[in-house]
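Written out below as structure tokens is the structure these notes cover.
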Amino acid sequence: MASAWLLPEHIADVLPSQARRIEELRRDLLDLARTYGCELVMPPMLEHLESLLTGTGRELDLKTFKLVDQLSGRSLGLRADTTPQVARIDAHLLNRAGVTRLCYCGPVVHTRPEGLHGSREPLQFGVEIYGHAGLEADLEVQELAIATLHKAGLTDITLDLGDARLVQGVLGELKPPADTLEAIVAALAAKDAASLAQATAGMPEAVSRGLQSLIGLYGGMEVLDLAREQLPDHPLIRAALDDLRWLSSHLRQCHPDLRLGFDLADLRGYAYYSGMRFALYAAGCSDAILRGGRYDEVGAVFGRRRPAVGFSLDLKALVALCPVTPLRAAVRAPWGEDASLRAAVRALREQGETVVCVLPGHEHENDEFDCDRELVSVGGQWVVRAR
């Protein structure tokens with residue numbers, strides 16, 4: 001039993017100081033989402049495997065823990081991403097005709113970590129807007145994503161834009177096998193020209209040349225002009241570039257200090273992205289804090305195709321980047337059996353105060369609260385005074 005206290009690799013307990021910060025930020029972000037009209041949903045941690053994975057591609061399949069239901073004998077999965085579940089809720093349980101804004105915050109579980117120091121149990125916060133195909137919904141989601149990082153205390157932010165339709169437009173009528181398409185997307189994201197050439201071997205030269213051009217299309221607004229020159233003249237490509245220009249112009253108007261860039265080869269994410277995609281970075285971070293985009297096909301597998309756009313992030317990873325928040329102010333009180341003392345403590349708590357009663361023998365211990373006041377007896381009355 002010497003190792004009974006050890007946890008699996010990349011699984012960790014959340015201790016009081018970090019837990020406090022995570023919970024405070026969780027509440028702040030859910031309240032922020034509500035100001036945009038988002039309703040909170042809480043999908044289950046596990047459900048039938050086909051519901052979790054249908055239409056999401058091999059990447060999510062490899063991340064999903066699988067088990068057998070002892071009641072039905074069917075295969076279940078522990079969710080590795082919440083978006084398919086929220087799409088199921090929108091399609092079948094809510095079944096609304098108009099716009100639906102939903103938000104969520106809960107743990108997901110991955111079979112493997114994202115990186116060397118990544119967690120296999122992220123706390124995923126996300127927002128989804130269903131029912132509007134126009135760019136207004138894309139812009140609203142991006143505005144809320146930026147506001148989310150600002151609410152967390154991050155100010156030095158970079159927004160990176162791209163669009164899944166660019167690859168679709170370059171491929172044209174060509175329908176490569178799923179594993180080939182995954183290899184192409186991985187090579188584009190890694191800017192690996194050699195791997196991309198290997199993945200596109202045997203394809204028409206125009207397709208290979210267009211995909212290779214995507215690797216170099218990253219930078220500022222000039223990228224959109226270069227893309228029009230270097231990529232095929234295809235309706236999907238024209239629409240994607242027009243939409244990216246519209247979004248970027250509106251974002252610049254609202255956020256003049258926002259660093260805005262384009263990486264037209266970066267299509268990282270699950271297979272359900274169908275249009276615009278974006279990522280938000282903070283200063284000093286090599287990987288994105290938040291990713292999102294449009295995924296109009298995600299509800300089709302549940303029998304109801306609805307326009308959809310949203311984003312998600314790992315709240316644990318976000319908290320690690322946030323400025324340290326001060327301890328919550330509290331009142332320090334003695335422990336005693338005196339009825340008036342206990343009544344005074346109850347009254348303070350009913351008013352919303354945090355009251356930390358010092359148990360006998362623990363008068364010199366520190367805790368997770370800033371006890372800047374104390375409850376003392378003055379002239380037979382219990383009063384609060386500064387410490």
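Lettering and numbering for the structure tokens are positional, with chains as A, B, ... in the shown order, residues counted from 1 in each chain, and ligands counted from 1 in the shown order.
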
Please run DSSP on the backbone and report, as a PyMOL selection string, all residues within range 241-374 of chain A that come out as alpha helix (DSSP H). chain A and resi 241-254+315-321+339-350

How would you write, as an NGL selection string, the set of residues in range 186-372 of chain A that DSSP gives as strand (DSSP E or B)? :A and (218-219 or 259-263 or 276-282 or 290-294 or 308-314 or 328-334 or 355-358 or 369-372)

Once you have the residues from the selection above, write them out as a compact mmCIF listing (two decimals), in the first residue's frame, restricted to C-alpha atoms.
```
# COMPACT_ATOMS: atom_id res chain seq x y z
CA TYR A 218 0.60 33.29 -42.22
CA GLY A 219 1.12 36.82 -40.91
CA ARG A 259 -2.95 41.78 -32.13
CA LEU A 260 -4.62 40.11 -35.09
CA GLY A 261 -3.00 37.55 -37.35
CA PHE A 262 -3.79 34.82 -39.85
CA ASP A 263 -2.50 31.27 -40.16
CA MET A 276 -14.01 29.98 -39.77
CA ARG A 277 -11.71 28.90 -36.93
CA PHE A 278 -9.74 30.98 -34.45
CA ALA A 279 -7.28 30.70 -31.59
CA LEU A 280 -6.31 33.11 -28.82
CA TYR A 281 -2.76 33.34 -27.45
CA ALA A 282 -1.30 35.20 -24.48
CA LEU A 290 -8.61 29.07 -26.37
CA ARG A 291 -9.77 27.58 -29.67
CA GLY A 292 -13.05 27.86 -31.51
CA GLY A 293 -14.78 28.18 -34.81
CA ARG A 294 -17.79 27.23 -36.90
CA ALA A 308 -23.20 26.33 -34.94
CA VAL A 309 -20.21 28.34 -33.74
CA GLY A 310 -18.38 28.36 -30.42
CA PHE A 311 -15.17 28.01 -28.44
CA SER A 312 -13.71 26.15 -25.48
CA LEU A 313 -10.73 26.36 -23.14
CA ASP A 314 -9.17 24.51 -20.21
CA ARG A 328 -10.78 36.55 0.30
CA ALA A 329 -11.33 38.86 3.27
CA ALA A 330 -12.69 37.12 6.35
CA VAL A 331 -13.54 37.62 9.99
CA ARG A 332 -11.57 35.67 12.58
CA ALA A 333 -13.68 34.55 15.54
CA PRO A 334 -12.96 32.63 18.72
CA VAL A 355 -16.18 33.74 9.42
CA VAL A 356 -13.29 31.46 10.40
CA CYS A 357 -13.71 30.10 13.90
CA VAL A 358 -10.40 29.32 15.57
CA PHE A 369 -8.39 33.47 3.94
CA ASP A 370 -7.23 36.97 4.76
CA CYS A 371 -8.65 37.49 8.23
CA ASP A 372 -8.40 41.28 8.22
```

Within 10 Å of Ala197 in chain A using only C-alpha atoms, minus same-chain residues under 3 positions, as a ChimeraX atom specification: /A:184,187,192-194,200-203,208-209,211-212

Spatial neighbours of Leu15 in chain A, 12 Å, only C-alpha atoms, chain gap at least 6 places, as number ranges by chain: A: 21-23, 316, 368

Selection file, N, CA, C and O atoms, as an mmCIF file, in the first residue's frame:
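File produced: out.cif:
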```cif
data_model
loop_
_atom_site.group_PDB
_atom_site.id
_atom_site.type_symbol
_atom_site.label_atom_id
_atom_site.label_comp_id
_atom_site.auth_asym_id
_atom_site.auth_seq_id
_atom_site.Cartn_x
_atom_site.Cartn_y
_atom_site.Cartn_z
ATOM 1 N N ARG A 21 -9.032 29.740 -6.814
ATOM 2 C CA ARG A 21 -8.895 30.583 -7.994
ATOM 3 C C ARG A 21 -9.699 30.028 -9.177
ATOM 4 O O ARG A 21 -10.329 30.787 -9.924
ATOM 5 N N ILE A 22 -9.685 28.702 -9.339
ATOM 6 C CA ILE A 22 -10.449 28.076 -10.425
ATOM 7 C C ILE A 22 -11.936 28.319 -10.231
ATOM 8 O O ILE A 22 -12.654 28.691 -11.174
ATOM 9 N N GLU A 23 -12.412 28.106 -9.018
ATOM 10 C CA GLU A 23 -13.850 28.259 -8.760
ATOM 11 C C GLU A 23 -14.292 29.710 -8.914
ATOM 12 O O GLU A 23 -15.361 29.989 -9.475
ATOM 13 N N LYS A 316 -8.263 25.103 -15.982
ATOM 14 C CA LYS A 316 -7.072 24.890 -15.155
ATOM 15 C C LYS A 316 -5.846 25.544 -15.792
ATOM 16 O O LYS A 316 -5.043 26.184 -15.116
ATOM 17 N N GLU A 368 -6.526 29.744 4.126
ATOM 18 C CA GLU A 368 -6.679 30.262 2.773
ATOM 19 C C GLU A 368 -7.507 31.548 2.745
ATOM 20 O O GLU A 368 -8.036 31.930 1.715
#
```

Residues at most 8 Å from Arg120 in chain A, counting only C-alpha atoms, excluding those fewer than 4 positions away in the same chain, as a list of chain:residue names?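 The residues that qualify are A:His10, A:Ile11, A:Val109, A:His110, A:Thr111, A:Arg112, A:Pro113, A:Glu114.
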
By how many Å are CA of Gly352 in chain A and CA of Leu30 in chain A apart?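 Separation between CA of Gly352 in chain A and CA of Leu30 in chain A: 20.5 Å.
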
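Minimum distance to Leu244 in chain A across A:Ile146, A:Ala164, A:Ala300, A:Leu78 (counting only C-alpha atoms) occurs at A:Ala164.
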
Report, in Å to a single decimal, how far apart CA of Asp31 in chain A and CA of His92 in chain A are.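 Here the two named atoms are 25.9 Å from each other.
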
Near range 40-51 of chain A, 7 Å: range 74-100 of chain A residue rows, closest pairs, only C-alpha atoms, as CSV:
```
residue,atom,partner,partner_atom,distance
A:Ser75,CA,A:Leu49,CA,5.7
A:Leu76,CA,A:His48,CA,4.4
A:Gly77,CA,A:Leu49,CA,4.9
A:Leu78,CA,A:Leu46,CA,4.4
A:Arg79,CA,A:Leu46,CA,5.8
A:Gln85,CA,A:Pro43,CA,6.4
```

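The spacing separating CA of Gly210 in chain A from CA of Trp246 in chain A amounts to 23.4 Å.
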